[in-house]
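Below is model32.csv, which holds CSV, C-alpha atoms and all ligand atoms.
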chain,number,residue,atom,x,y,z
W,213,MET,CA,85.9,136.1,53.0
W,214,LYS,CA,88.9,134.0,53.8
W,215,LEU,CA,89.0,130.4,52.7
W,216,PHE,CA,90.7,127.7,54.8
W,217,ILE,CA,91.2,124.1,53.7
W,218,ASP,CA,89.8,121.5,56.1
W,219,SER,CA,92.4,118.8,55.6
W,220,ALA,CA,95.5,117.0,57.0
W,221,ASN,CA,96.7,115.9,53.6
W,222,PRO,CA,100.0,117.9,52.8
W,223,THR,CA,99.7,117.2,49.1
W,224,GLN,CA,96.2,118.7,48.8
W,225,ILE,CA,97.1,121.6,51.0
W,226,GLN,CA,100.2,122.4,48.9
W,227,GLU,CA,98.1,122.3,45.7
W,228,MET,CA,95.5,124.7,47.0
W,229,TRP,CA,98.1,127.0,48.6
W,230,ASP,CA,100.1,127.2,45.3
W,231,LEU,CA,96.8,128.2,43.5
W,232,GLY,CA,96.5,131.1,45.9
W,233,ILE,CA,93.0,130.4,46.9
W,234,ILE,CA,93.4,129.4,50.6
W,235,ASP,CA,94.4,131.6,53.5
W,236,GLY,CA,94.8,129.0,56.2
W,237,VAL,CA,94.1,125.4,57.4
W,238,THR,CA,92.0,123.7,59.9
W,239,THR,CA,93.1,120.2,60.8
W,240,ASN,CA,92.7,117.5,63.4
W,241,PRO,CA,93.8,113.9,64.1
W,242,SER,CA,90.6,112.5,62.5
W,243,LEU,CA,91.4,114.2,59.2
W,244,ALA,CA,94.9,112.7,59.4
W,245,ALA,CA,93.5,109.3,60.0
W,246,SER,CA,91.2,109.5,57.0
W,247,ALA,CA,94.0,110.8,54.8
W,248,GLY,CA,96.2,107.9,56.0
W,249,VAL,CA,99.0,110.3,57.1
W,250,ASP,CA,100.9,110.6,60.4
W,251,TYR,CA,99.4,113.6,62.2
W,252,LYS,CA,102.6,115.0,63.6
W,253,THR,CA,104.5,114.7,60.3
W,254,ALA,CA,101.6,116.3,58.5
W,255,VAL,CA,101.4,119.3,60.8
W,256,GLU,CA,105.2,119.9,60.4
W,257,VAL,CA,104.8,119.9,56.6
W,258,ILE,CA,101.7,122.1,56.7
W,259,LEU,CA,103.5,124.7,58.9
W,260,LYS,CA,106.3,124.9,56.3
W,261,THR,CA,103.8,125.1,53.4
W,262,VAL,CA,101.1,127.6,54.6
W,263,ASP,CA,101.8,131.1,55.8
W,264,GLY,CA,98.4,131.7,57.4
W,265,ASP,CA,96.3,130.7,60.4
W,266,ILE,CA,96.6,126.9,61.1
W,267,SER,CA,94.1,125.6,63.6
W,268,LEU,CA,95.2,122.6,65.7
W,269,GLU,CA,92.9,120.9,68.2
W,270,VAL,CA,93.7,120.1,71.9
W,271,LEU,CA,93.1,116.5,72.9
W,272,SER,CA,92.5,117.3,76.6
W,273,THR,CA,89.0,117.8,78.0
W,274,GLU,CA,89.8,119.3,81.4
W,275,ALA,CA,90.4,123.1,81.6
W,276,HIS,CA,93.8,123.1,83.3
W,277,GLU,CA,95.1,120.4,80.9
W,278,MET,CA,93.7,122.3,77.9
W,279,VAL,CA,95.6,125.4,79.0
W,280,VAL,CA,98.9,123.5,79.4
W,281,GLU,CA,98.4,121.8,76.0
W,282,ALA,CA,97.3,125.0,74.2
W,283,ARG,CA,100.4,126.9,75.5
W,284,LYS,CA,102.6,124.2,74.0
W,285,LEU,CA,100.8,124.1,70.7
W,286,ALA,CA,100.9,127.9,70.4
W,287,ALA,CA,104.6,128.0,71.2
W,288,MET,CA,105.3,125.6,68.2
W,289,HIS,CA,104.7,128.3,65.6
W,290,HIS,CA,103.4,131.9,65.3
W,291,ASN,CA,100.7,130.8,62.8
W,292,ILE,CA,99.0,128.3,65.2
W,293,VAL,CA,95.5,129.0,66.4
W,294,VAL,CA,94.4,126.5,69.1
W,295,LYS,CA,91.0,124.9,68.8
W,296,LEU,CA,89.2,124.4,72.1
W,297,PRO,CA,85.8,122.6,72.3
W,298,ALA,CA,82.8,124.8,73.3
W,299,THR,CA,82.3,123.1,76.7
W,300,LEU,CA,82.4,124.6,80.2
W,301,ASP,CA,86.1,123.5,80.5
W,302,GLY,CA,86.8,125.0,77.1
W,303,LEU,CA,85.3,128.3,78.2
W,304,LYS,CA,87.5,128.4,81.3
W,305,ALA,CA,90.6,127.6,79.3
W,306,LEU,CA,89.6,130.2,76.7
W,307,ARG,CA,89.4,132.9,79.4
W,308,THR,CA,92.9,132.1,80.6
W,309,LEU,CA,94.5,131.7,77.2
W,310,SER,CA,93.0,134.8,75.6
W,311,ALA,CA,94.3,136.8,78.5
W,312,GLU,CA,97.8,135.5,77.4
W,313,SER,CA,97.0,136.6,73.8
W,314,ILE,CA,97.0,133.0,72.6
W,315,ARG,CA,94.6,132.9,69.7
W,316,ILE,CA,91.7,130.5,70.2
W,317,ASN,CA,89.3,128.9,67.7
W,318,MET,CA,86.3,127.9,69.7
W,319,THR,CA,85.1,124.8,67.9
W,320,LEU,CA,82.1,122.4,68.0
W,321,VAL,CA,79.8,125.4,68.3
W,322,PHE,CA,76.1,124.5,67.6
W,323,SER,CA,74.2,127.6,68.8
W,324,ALA,CA,74.2,131.4,68.7
W,325,ASN,CA,74.4,131.5,72.5
W,326,GLN,CA,77.6,129.4,72.5
W,327,ALA,CA,79.1,131.8,70.0
W,328,LEU,CA,78.1,134.8,72.2
W,329,LEU,CA,79.8,133.3,75.2
W,330,ALA,CA,82.9,132.4,73.2
W,331,ALA,CA,83.2,136.0,71.9
W,332,LYS,CA,82.7,137.4,75.4
W,333,ALA,CA,85.5,135.2,76.7
W,334,GLY,CA,87.9,136.4,74.0
W,335,ALA,CA,87.8,133.9,71.2
W,336,TYR,CA,89.8,134.8,68.1
W,337,ILE,CA,87.6,132.5,65.9
W,338,VAL,CA,84.3,130.8,66.5
W,339,SER,CA,83.4,127.7,64.5
W,340,PRO,CA,79.8,126.8,64.0
W,341,PHE,CA,79.4,123.3,62.5
W,342,VAL,CA,76.8,123.9,59.8
W,343,GLY,CA,76.8,120.4,58.1
W,344,ARG,CA,76.4,118.6,61.4
W,345,LEU,CA,73.6,121.0,62.5
W,346,GLU,CA,71.8,120.3,59.2
W,347,ASP,CA,72.3,116.5,59.7
W,348,ALA,CA,70.5,117.0,63.0
W,349,GLY,CA,67.6,118.8,61.2
W,350,GLU,CA,68.5,122.3,62.4
W,351,ASP,CA,68.2,125.5,60.3
W,352,ALA,CA,72.0,126.1,60.5
W,353,ILE,CA,72.1,129.0,58.1
W,354,ASN,CA,69.7,130.9,60.3
W,355,ILE,CA,72.1,130.3,63.3
W,356,ILE,CA,75.0,131.7,61.2
W,357,HIS,CA,72.9,134.8,60.5
W,358,GLU,CA,72.1,135.1,64.2
W,359,ILE,CA,75.8,134.9,65.2
W,360,ARG,CA,76.6,137.6,62.5
W,361,GLN,CA,73.9,139.9,63.9
W,362,ILE,CA,74.9,139.4,67.5
W,363,TYR,CA,78.6,140.1,66.8
W,364,ASP,CA,77.7,143.2,64.7
W,365,ASN,CA,75.2,144.4,67.4
W,366,TYR,CA,77.9,144.4,70.1
W,367,ASP,CA,81.0,145.0,67.9
W,368,PHE,CA,82.6,141.7,68.8
W,369,GLN,CA,85.8,141.2,66.8
W,370,THR,CA,85.7,137.4,67.0
W,371,GLN,CA,85.8,135.9,63.5
W,372,ILE,CA,83.0,133.6,62.3
W,373,LEU,CA,84.3,130.5,60.7
W,374,PHE,CA,81.7,128.5,58.8
W,375,ALA,CA,82.7,124.8,59.5
W,376,SER,CA,81.5,121.4,58.5
W,377,VAL,CA,81.1,122.5,54.9
W,378,ARG,CA,79.4,119.8,52.8
W,379,SER,CA,78.6,121.5,49.5
W,380,THR,CA,79.6,124.4,47.2
W,381,LEU,CA,76.2,126.0,48.2
W,382,HIS,CA,77.5,126.2,51.8
W,383,VAL,CA,80.5,128.3,50.6
W,384,LYS,CA,78.2,130.7,48.9
W,385,GLN,CA,75.9,130.8,51.9
W,386,ALA,CA,78.9,131.5,54.2
W,387,ALA,CA,79.9,134.5,52.0
W,388,LEU,CA,76.3,135.8,51.8
W,389,ALA,CA,75.9,135.6,55.5
W,390,GLY,CA,79.0,137.7,56.1
W,391,CYS,CA,81.2,135.0,57.6
W,392,ASP,CA,84.8,135.9,58.0
W,393,ILE,CA,86.1,132.5,57.0
W,394,ALA,CA,84.8,129.2,55.6
W,395,THR,CA,86.9,126.0,56.0
W,396,VAL,CA,86.4,123.8,53.0
W,397,PRO,CA,87.3,120.2,52.3
W,398,TYR,CA,89.6,119.5,49.3
W,399,ASP,CA,86.9,117.9,47.1
W,400,ILE,CA,84.6,120.9,47.5
W,401,LEU,CA,87.4,123.4,46.7
W,402,GLN,CA,87.9,121.5,43.5
W,403,LYS,CA,84.1,121.8,42.7
W,404,LEU,CA,84.3,125.6,43.4
W,405,ILE,CA,87.0,125.8,40.7
W,406,ASN,CA,85.3,123.6,38.0
W,407,HIS,CA,81.9,124.0,36.3
W,408,PRO,CA,80.7,121.6,33.6
W,409,LEU,CA,79.3,124.5,31.6
W,410,THR,CA,82.7,126.1,31.5
W,411,ASP,CA,84.1,122.9,29.9
W,412,VAL,CA,81.2,122.7,27.4
W,413,GLY,CA,81.6,126.4,26.5
W,414,LEU,CA,85.4,126.0,26.0
W,415,LYS,CA,85.0,122.9,23.8
W,416,LYS,CA,82.3,124.7,21.6
W,417,PHE,CA,84.5,127.7,21.2
W,418,LEU,CA,87.5,125.6,20.1
W,419,ASP,CA,85.4,123.4,17.8
W,420,ASP,CA,83.8,126.4,16.1
W,421,PHE,CA,87.2,127.9,15.5
W,422,VAL,CA,88.5,124.7,13.8
W,423,LYS,CA,85.2,124.1,11.8
W,424,SER,CA,85.1,127.7,10.4
W,425,LYS,CA,88.8,127.5,9.4
W,426,GLN,CA,89.6,130.8,11.1
W,427,LYS,CA,93.3,131.9,11.3
W,428,PRO,CA,94.9,132.2,14.8
W,429,LEU,CA,95.4,135.8,15.9
W,430,ILE,CA,99.0,135.1,17.0
W,501,LIG,C1,86.6,122.3,61.3
W,501,LIG,O1,87.4,122.8,62.1
W,501,LIG,C2,86.1,120.9,61.4
W,501,LIG,O2,87.2,120.0,61.4
W,501,LIG,C3,85.3,120.5,60.2
W,501,LIG,O3,84.8,121.6,59.5
W,501,LIG,C4,84.3,119.5,60.6
W,501,LIG,O4,83.6,119.0,59.5
W,501,LIG,P1,82.8,117.6,59.5
W,501,LIG,O5,81.5,117.9,60.2
W,501,LIG,O6,82.6,117.3,58.0
W,501,LIG,O7,83.6,116.6,60.2
Is it possible to express this structure as structure tokens?
Ligand code: E4P
Amino acid sequence: MKLFIDSANPTQIQEMWDLGIIDGVTTNPSLAASAGVDYKTAVEVILKTVDGDISLEVLSTEAHEMVVEARKLAAMHHNIVVKLPATLDGLKALRTLSAESIRINMTLVFSANQALLAAKAGAYIVSPFVGRLEDAGEDAINIIHEIRQIYDNYDFQTQILFASVRSTLHVKQAALAGCDIATVPYDILQKLINHPLTDVGLKKFLDDFVKSKQKPLI
């Protein structure tokens, strides 16, 4: 499973890219606002940092305007994947853009049927928002399994991106459900790396070495 970072913070993205644990980035103006960075500048830096898929969202809501905006975004860099919302206008724009081989991430997906339509219209990625579904009381993990089964039943090549990740459990659930990608906020990537029992175990090992006055091997 590929891991993307869900962030607009160039420092966080650089750190995770240098660790070799991320394959791409999802970002949007809201993330830039919460990171306190200028969105345009942040995107320019991210494009220089990460050699992998970088999803950028259109701001238009009408199909024709989405198409115009998506073409401009895609022309900026070969790694850009354009995020379109899973609306009727988004589907119309997806149809046009996928025919031009522009890679589309259908975002704000909340049902297996929306994912089915996005795949039929040629989406490169589909992004079900698990955390927000769970906030609304839905069994989001079941929806993820449904999407996986539908795509496997009909051999759709659209990648399933587990979005709106809120916990380390979500990352494991994404992998177990056979998602192609999970996009993970920086703080949760850090929690994936660290485990308190690892720190406890390391301390005990070093303390025991000193207490028992062993000689170092090298
Ligand atoms: C991904 O493309 C989305 O930006 C993100 O996963 C949404 O997460 P949120 O529900 O925590 O805002």
Fill in: Surrounding residues as number ranges by chain, ligand LIG 501 (chain W), max 10 Å, all atoms listed in the file
W: 216-220, 237-243, 267-269, 295, 317-320, 338-345, 347, 373-378, 394-397
Could you give me, as a compact mmCIF listing (two decimals) with C-alpha atoms, in the coordinates of the input, the residues within 12 Å of region 228-231 of chain W, counting only C-alpha atoms and dropping anything in the same chain fewer than 3 positions from it?
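Once written, part-v2.txt looks like this:
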# COMPACT_ATOMS: atom_id res chain seq x y z
CA LEU W 215 89.00 130.40 52.70
CA PHE W 216 90.70 127.70 54.80
CA ILE W 217 91.20 124.10 53.70
CA ASP W 218 89.80 121.50 56.10
CA SER W 219 92.40 118.80 55.60
CA ASN W 221 96.70 115.90 53.60
CA PRO W 222 100.00 117.90 52.80
CA THR W 223 99.70 117.20 49.10
CA GLN W 224 96.20 118.70 48.80
CA ILE W 225 97.10 121.60 51.00
CA ILE W 234 93.40 129.40 50.60
CA ASP W 235 94.40 131.60 53.50
CA GLY W 236 94.80 129.00 56.20
CA VAL W 237 94.10 125.40 57.40
CA ILE W 258 101.70 122.10 56.70
CA LEU W 259 103.50 124.70 58.90
CA LYS W 260 106.30 124.90 56.30
CA THR W 261 103.80 125.10 53.40
CA VAL W 262 101.10 127.60 54.60
CA ASP W 263 101.80 131.10 55.80
CA GLY W 264 98.40 131.70 57.40
CA VAL W 396 86.40 123.80 53.00
CA PRO W 397 87.30 120.20 52.30
CA TYR W 398 89.60 119.50 49.30
CA ASP W 399 86.90 117.90 47.10
CA ILE W 400 84.60 120.90 47.50
CA LEU W 401 87.40 123.40 46.70
CA GLN W 402 87.90 121.50 43.50
CA LEU W 404 84.30 125.60 43.40
CA ILE W 405 87.00 125.80 40.70
Worksheet entry | Given only C-alpha atoms as the counted atoms, nearest of W:Ile359, W:Val255, W:Ile372, W:Leu300 to Ile393 (chain W) |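 For Ile393 (chain W), the nearest of the given residues is W:Ile372.
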So that I can see what lies close to region 309-314 of chain W, please list as a PDB file with C-alpha atoms, in the frame of the given file the residues with an atom at most 8 Å from it, counting only C-alpha atoms and leaving out residues fewer than 5 positions away in the same chain.
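Result file selection-v6.pdb:
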ATOM      1  CA  VAL W 279      95.600 125.400  79.000  1.00  0.00           C
ATOM      2  CA  ALA W 282      97.300 125.000  74.200  1.00  0.00           C
ATOM      3  CA  ARG W 283     100.400 126.900  75.500  1.00  0.00           C
ATOM      4  CA  ALA W 286     100.900 127.900  70.400  1.00  0.00           C
ATOM      5  CA  VAL W 293      95.500 129.000  66.400  1.00  0.00           C
ATOM      6  CA  VAL W 294      94.400 126.500  69.100  1.00  0.00           C
ATOM      7  CA  ALA W 333      85.500 135.200  76.700  1.00  0.00           C
ATOM      8  CA  GLY W 334      87.900 136.400  74.000  1.00  0.00           C
ATOM      9  CA  ALA W 335      87.800 133.900  71.200  1.00  0.00           C
TER      10      ALA W 335
END
Fill in: Of the listed residues W:Ile337, W:Ala330, W:Leu306, W:Ala244, that which approaches Thr370 (chain W) most closely, counting all atoms listed in the file
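Among W:Ile337, W:Ala330, W:Leu306, W:Ala244, it is W:Ile337 that comes nearest to Thr370 (chain W).
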Practice prompt. State, in Å with one decimal place, the distance from CA of Tyr366 (chain W) to CA of Leu329 (chain W).
Written response: 12.4 Å
Worksheet item: Between CA of Lys384 (chain W) and CA of Ala327 (chain W), what is the spacing in Å?
Response: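 Here the two named atoms are 21.1 Å from each other.
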Worksheet entry | Residue among W:Met278, W:Cys391, W:Leu303, W:Ala386 lying closest to Arg360 (chain W), counting all atoms listed in the file |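 Selected residue with least distance to Arg360 (chain W): W:Cys391.
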Discussion item. Taking all atoms listed in the file into account, name the residue in W:Asp265, W:Glu346, W:Asp364, W:Asp392 that is nearest to Ser379 (chain W).
Written reply: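 That would be W:Glu346, the residue with the smallest distance to Ser379 (chain W).
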Worksheet item: Between W:Glu256, W:Glu358, W:Glu350, W:Glu274, which is the closest to Lys304 (chain W) once you count only C-alpha atoms?
Response: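 Going through W:Glu256, W:Glu358, W:Glu350, W:Glu274 one by one, the smallest distance to Lys304 (chain W) is for W:Glu274.
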Item to complete: Record the distance separating CA of Asp351 (chain W) and CA of Asp301 (chain W), expressed in Å with one decimal.
Response: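 Separation of CA of Asp351 (chain W) and CA of Asp301 (chain W): 27.1 Å.
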Discussion item. Ranking W:Thr410, W:Ser424, W:Asn325, W:Thr253 by minimum distance to Tyr363 (chain W) and counting all atoms listed in the file, which one comes first?
Written reply: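 Ranking W:Thr410, W:Ser424, W:Asn325, W:Thr253 by distance to Tyr363 (chain W), first place goes to W:Asn325.
The residues that lie within 7 Å of the point (69.6, 131.5, 66.7), counting all atoms listed in the file, are Ser323, Ala324, Asn354, Ile355 and Glu358 of chain W.
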Please reconstruct the missing atoms of region 351-362 of chain W (target: N, CA, C and O atoms) and return them as a PDB file, in the coordinates of the input.
ATOM      1  N   ASP W 351      68.071 124.467  61.306  1.00  0.00           N
ATOM      2  CA  ASP W 351      68.200 125.500  60.300  1.00  0.00           C
ATOM      3  C   ASP W 351      69.577 126.217  60.587  1.00  0.00           C
ATOM      4  O   ASP W 351      69.610 127.279  61.205  1.00  0.00           O
ATOM      5  N   ALA W 352      70.661 125.599  60.135  1.00  0.00           N
ATOM      6  CA  ALA W 352      72.000 126.100  60.500  1.00  0.00           C
ATOM      7  C   ALA W 352      72.321 127.441  59.916  1.00  0.00           C
ATOM      8  O   ALA W 352      73.023 128.244  60.542  1.00  0.00           O
ATOM      9  N   ILE W 353      71.804 127.701  58.719  1.00  0.00           N
ATOM     10  CA  ILE W 353      72.100 129.000  58.100  1.00  0.00           C
ATOM     11  C   ILE W 353      71.522 130.132  58.896  1.00  0.00           C
ATOM     12  O   ILE W 353      72.127 131.199  59.051  1.00  0.00           O
ATOM     13  N   ASN W 354      70.343 129.891  59.456  1.00  0.00           N
ATOM     14  CA  ASN W 354      69.700 130.900  60.300  1.00  0.00           C
ATOM     15  C   ASN W 354      70.612 131.165  61.550  1.00  0.00           C
ATOM     16  O   ASN W 354      70.783 132.310  61.988  1.00  0.00           O
ATOM     17  N   ILE W 355      71.193 130.104  62.088  1.00  0.00           N
ATOM     18  CA  ILE W 355      72.100 130.300  63.300  1.00  0.00           C
ATOM     19  C   ILE W 355      73.309 131.098  62.873  1.00  0.00           C
ATOM     20  O   ILE W 355      73.765 131.955  63.637  1.00  0.00           O
ATOM     21  N   ILE W 356      73.809 130.888  61.666  1.00  0.00           N
ATOM     22  CA  ILE W 356      75.000 131.700  61.200  1.00  0.00           C
ATOM     23  C   ILE W 356      74.558 133.168  61.119  1.00  0.00           C
ATOM     24  O   ILE W 356      75.310 134.050  61.570  1.00  0.00           O
ATOM     25  N   HIS W 357      73.380 133.443  60.567  1.00  0.00           N
ATOM     26  CA  HIS W 357      72.900 134.800  60.500  1.00  0.00           C
ATOM     27  C   HIS W 357      72.744 135.428  61.892  1.00  0.00           C
ATOM     28  O   HIS W 357      73.062 136.596  62.124  1.00  0.00           O
ATOM     29  N   GLU W 358      72.250 134.623  62.821  1.00  0.00           N
ATOM     30  CA  GLU W 358      72.100 135.100  64.200  1.00  0.00           C
ATOM     31  C   GLU W 358      73.434 135.485  64.820  1.00  0.00           C
ATOM     32  O   GLU W 358      73.569 136.525  65.465  1.00  0.00           O
ATOM     33  N   ILE W 359      74.420 134.630  64.589  1.00  0.00           N
ATOM     34  CA  ILE W 359      75.800 134.900  65.200  1.00  0.00           C
ATOM     35  C   ILE W 359      76.306 136.211  64.560  1.00  0.00           C
ATOM     36  O   ILE W 359      76.827 137.076  65.267  1.00  0.00           O
ATOM     37  N   ARG W 360      76.145 136.342  63.213  1.00  0.00           N
ATOM     38  CA  ARG W 360      76.600 137.600  62.500  1.00  0.00           C
ATOM     39  C   ARG W 360      75.982 138.811  63.157  1.00  0.00           C
ATOM     40  O   ARG W 360      76.646 139.817  63.448  1.00  0.00           O
ATOM     41  N   GLN W 361      74.638 138.705  63.354  1.00  0.00           N
ATOM     42  CA  GLN W 361      73.900 139.900  63.900  1.00  0.00           C
ATOM     43  C   GLN W 361      74.354 140.187  65.319  1.00  0.00           C
ATOM     44  O   GLN W 361      74.563 141.346  65.673  1.00  0.00           O
ATOM     45  N   ILE W 362      74.506 139.159  66.132  1.00  0.00           N
ATOM     46  CA  ILE W 362      74.900 139.400  67.500  1.00  0.00           C
ATOM     47  C   ILE W 362      76.308 140.037  67.568  1.00  0.00           C
ATOM     48  O   ILE W 362      76.528 141.007  68.301  1.00  0.00           O
TER      49      ILE W 362
END
